[in-house]
Amino acid sequence: MMVESDSPAELGRARLSVSKIAVSLILGVLTGVVVYYVIAVVATAQVPGPFTVHPLTLALIAIVGALVVAIAWRWPVVGLTAGVVIVLVVAAVVAARIGWSAAGSDWLNPFNAVAFGAASGYPALVGAVMASVSGLRLRSRTA
């Protein structure tokens, strides 16, 4: 039912914003899955050297972290959704007690990356950072 104050232009904007939010949520889920896999693979990258954690691995983790903050700040709905997805995946993997292989050839295997990523803690940190940065950005927009 249309009220006198509802103009077709206002209704069109409402539909546009609903579709924009839906697209942002879908992109957020996809971003969360991709970021989870990338940080799990980067954290387990096999770089030879006499280091416990190679400096190149640490640099790659820092680059992924910077990209995550940039995504969450620029597109807060996408970042919030991605952060929540990442934390939920970590919780599901931990709850299901999914195991991983320590074999050198399995570090790019997506199933191994999901399990090892949850155990390493890097995805949980990245998900929490994405959700926090997005929440701050959304809060600052409304103020």
# chains A, B, ... in the order shown; residues from 1 in each chain; ligands from 1
call {"tool": "residues_around", "arguments": {"residues": "A:Gly32", "least_positions_apart": "3", "cutoff": "7 Å", "atoms": "only C-alpha atoms", "output": "ChimeraX atom specification"}}
result
/A:28-29,35-36,82-83,85-86
call {"tool": "select_by_dssp", "arguments": {"residues": "chain A", "states": "helix (DSSP H, G or I)", "output": "PyMOL selection string"}}
result
chain A and resi 8-43+55-74+76-96+104-106+110-120+122-142
call {"tool": "write_last_selection", "arguments": {"atoms": "C-alpha atoms", "output": "compact mmCIF listing (two decimals), in the first residue's frame"}}
result
# COMPACT_ATOMS: atom_id res chain seq x y z
CA PRO A 8 8.19 6.45 -6.88
CA ALA A 9 11.69 7.92 -6.59
CA GLU A 10 11.84 7.12 -2.85
CA LEU A 11 10.62 3.58 -3.44
CA GLY A 12 13.25 3.12 -6.16
CA ARG A 13 16.02 4.23 -3.77
CA ALA A 14 14.78 1.79 -1.12
CA ARG A 15 14.89 -1.10 -3.60
CA LEU A 16 18.36 -0.01 -4.72
CA SER A 17 19.69 0.05 -1.18
CA VAL A 18 18.24 -3.40 -0.41
CA SER A 19 19.90 -4.86 -3.50
CA LYS A 20 23.14 -3.06 -2.63
CA ILE A 21 23.10 -4.61 0.84
CA ALA A 22 22.38 -8.06 -0.60
CA VAL A 23 25.30 -7.76 -3.01
CA SER A 24 27.54 -6.56 -0.17
CA LEU A 25 26.56 -9.57 1.95
CA ILE A 26 27.29 -12.00 -0.89
CA LEU A 27 30.63 -10.30 -1.58
CA GLY A 28 31.36 -10.44 2.14
CA VAL A 29 30.85 -14.20 2.26
CA LEU A 30 33.05 -14.69 -0.81
CA THR A 31 35.69 -12.33 0.61
CA GLY A 32 35.66 -14.20 3.91
CA VAL A 33 36.25 -17.54 2.23
CA VAL A 34 39.05 -16.19 0.04
CA VAL A 35 40.76 -14.31 2.89
CA TYR A 36 40.56 -17.38 5.13
CA TYR A 37 42.27 -19.52 2.49
CA VAL A 38 44.89 -16.88 1.65
CA ILE A 39 45.93 -16.24 5.26
CA ALA A 40 46.04 -19.99 5.99
CA VAL A 41 48.28 -20.62 2.96
CA VAL A 42 50.49 -17.59 3.63
CA ALA A 43 50.95 -18.58 7.27
CA PRO A 55 60.76 -13.11 7.65
CA LEU A 56 59.19 -13.47 4.19
CA THR A 57 56.27 -15.33 5.76
CA LEU A 58 55.88 -12.57 8.33
CA ALA A 59 55.98 -9.94 5.58
CA LEU A 60 53.28 -11.79 3.62
CA ILE A 61 51.11 -12.03 6.74
CA ALA A 62 51.55 -8.27 7.25
CA ILE A 63 50.56 -7.57 3.63
CA VAL A 64 47.42 -9.70 3.98
CA GLY A 65 46.64 -7.90 7.24
CA ALA A 66 46.99 -4.50 5.58
CA LEU A 67 44.73 -5.56 2.71
CA VAL A 68 42.16 -6.87 5.18
CA VAL A 69 42.09 -3.54 7.04
CA ALA A 70 41.79 -1.65 3.74
CA ILE A 71 38.88 -3.83 2.58
CA ALA A 72 37.10 -3.54 5.93
CA TRP A 73 37.55 0.24 6.06
CA ARG A 74 36.53 0.90 2.44
CA PRO A 76 32.39 -1.97 5.92
CA VAL A 77 29.39 -4.23 5.22
CA VAL A 78 31.58 -6.54 3.14
CA GLY A 79 34.29 -6.48 5.82
CA LEU A 80 31.87 -7.15 8.67
CA THR A 81 30.30 -10.06 6.82
CA ALA A 82 33.71 -11.48 5.87
CA GLY A 83 34.99 -11.15 9.43
CA VAL A 84 31.97 -12.96 10.84
CA VAL A 85 32.26 -15.69 8.20
CA ILE A 86 35.94 -16.23 9.02
CA VAL A 87 35.30 -16.47 12.76
CA LEU A 88 32.37 -18.84 12.18
CA VAL A 89 34.49 -21.09 9.94
CA VAL A 90 37.22 -21.20 12.60
CA ALA A 91 34.63 -22.06 15.26
CA ALA A 92 33.09 -24.80 13.09
CA VAL A 93 36.48 -26.34 12.26
CA VAL A 94 37.55 -26.31 15.90
CA ALA A 95 34.21 -27.73 17.05
CA ALA A 96 34.37 -30.49 14.44
CA GLY A 104 55.14 -30.92 2.78
CA SER A 105 53.04 -31.40 -0.35
CA ASP A 106 49.71 -30.62 1.34
CA PRO A 110 42.25 -26.30 0.54
CA PHE A 111 41.00 -28.88 3.05
CA ASN A 112 44.35 -28.94 4.79
CA ALA A 113 44.54 -25.14 4.75
CA VAL A 114 41.12 -24.84 6.41
CA ALA A 115 42.05 -27.21 9.22
CA PHE A 116 45.55 -25.88 9.77
CA GLY A 117 44.36 -22.29 9.52
CA ALA A 118 41.93 -22.81 12.38
CA ALA A 119 44.69 -24.33 14.52
CA SER A 120 47.21 -21.60 13.69
CA TYR A 122 45.86 -16.38 12.02
CA PRO A 123 42.38 -16.60 10.44
CA ALA A 124 40.70 -15.93 13.78
CA LEU A 125 42.83 -12.81 14.24
CA VAL A 126 42.15 -11.64 10.69
CA GLY A 127 38.40 -12.23 11.08
CA ALA A 128 38.31 -10.34 14.36
CA VAL A 129 40.26 -7.44 12.85
CA MET A 130 37.92 -7.28 9.84
CA ALA A 131 34.82 -7.27 12.04
CA SER A 132 36.28 -4.68 14.42
CA VAL A 133 37.47 -2.28 11.71
CA SER A 134 34.16 -2.58 9.87
CA GLY A 135 32.21 -2.01 13.06
CA LEU A 136 34.23 1.12 13.82
CA ARG A 137 33.72 2.40 10.29
CA LEU A 138 29.96 1.75 10.40
CA ARG A 139 29.71 3.44 13.78
CA SER A 140 31.64 6.50 12.59
CA ARG A 141 29.38 6.82 9.53
CA THR A 142 26.22 7.16 11.60
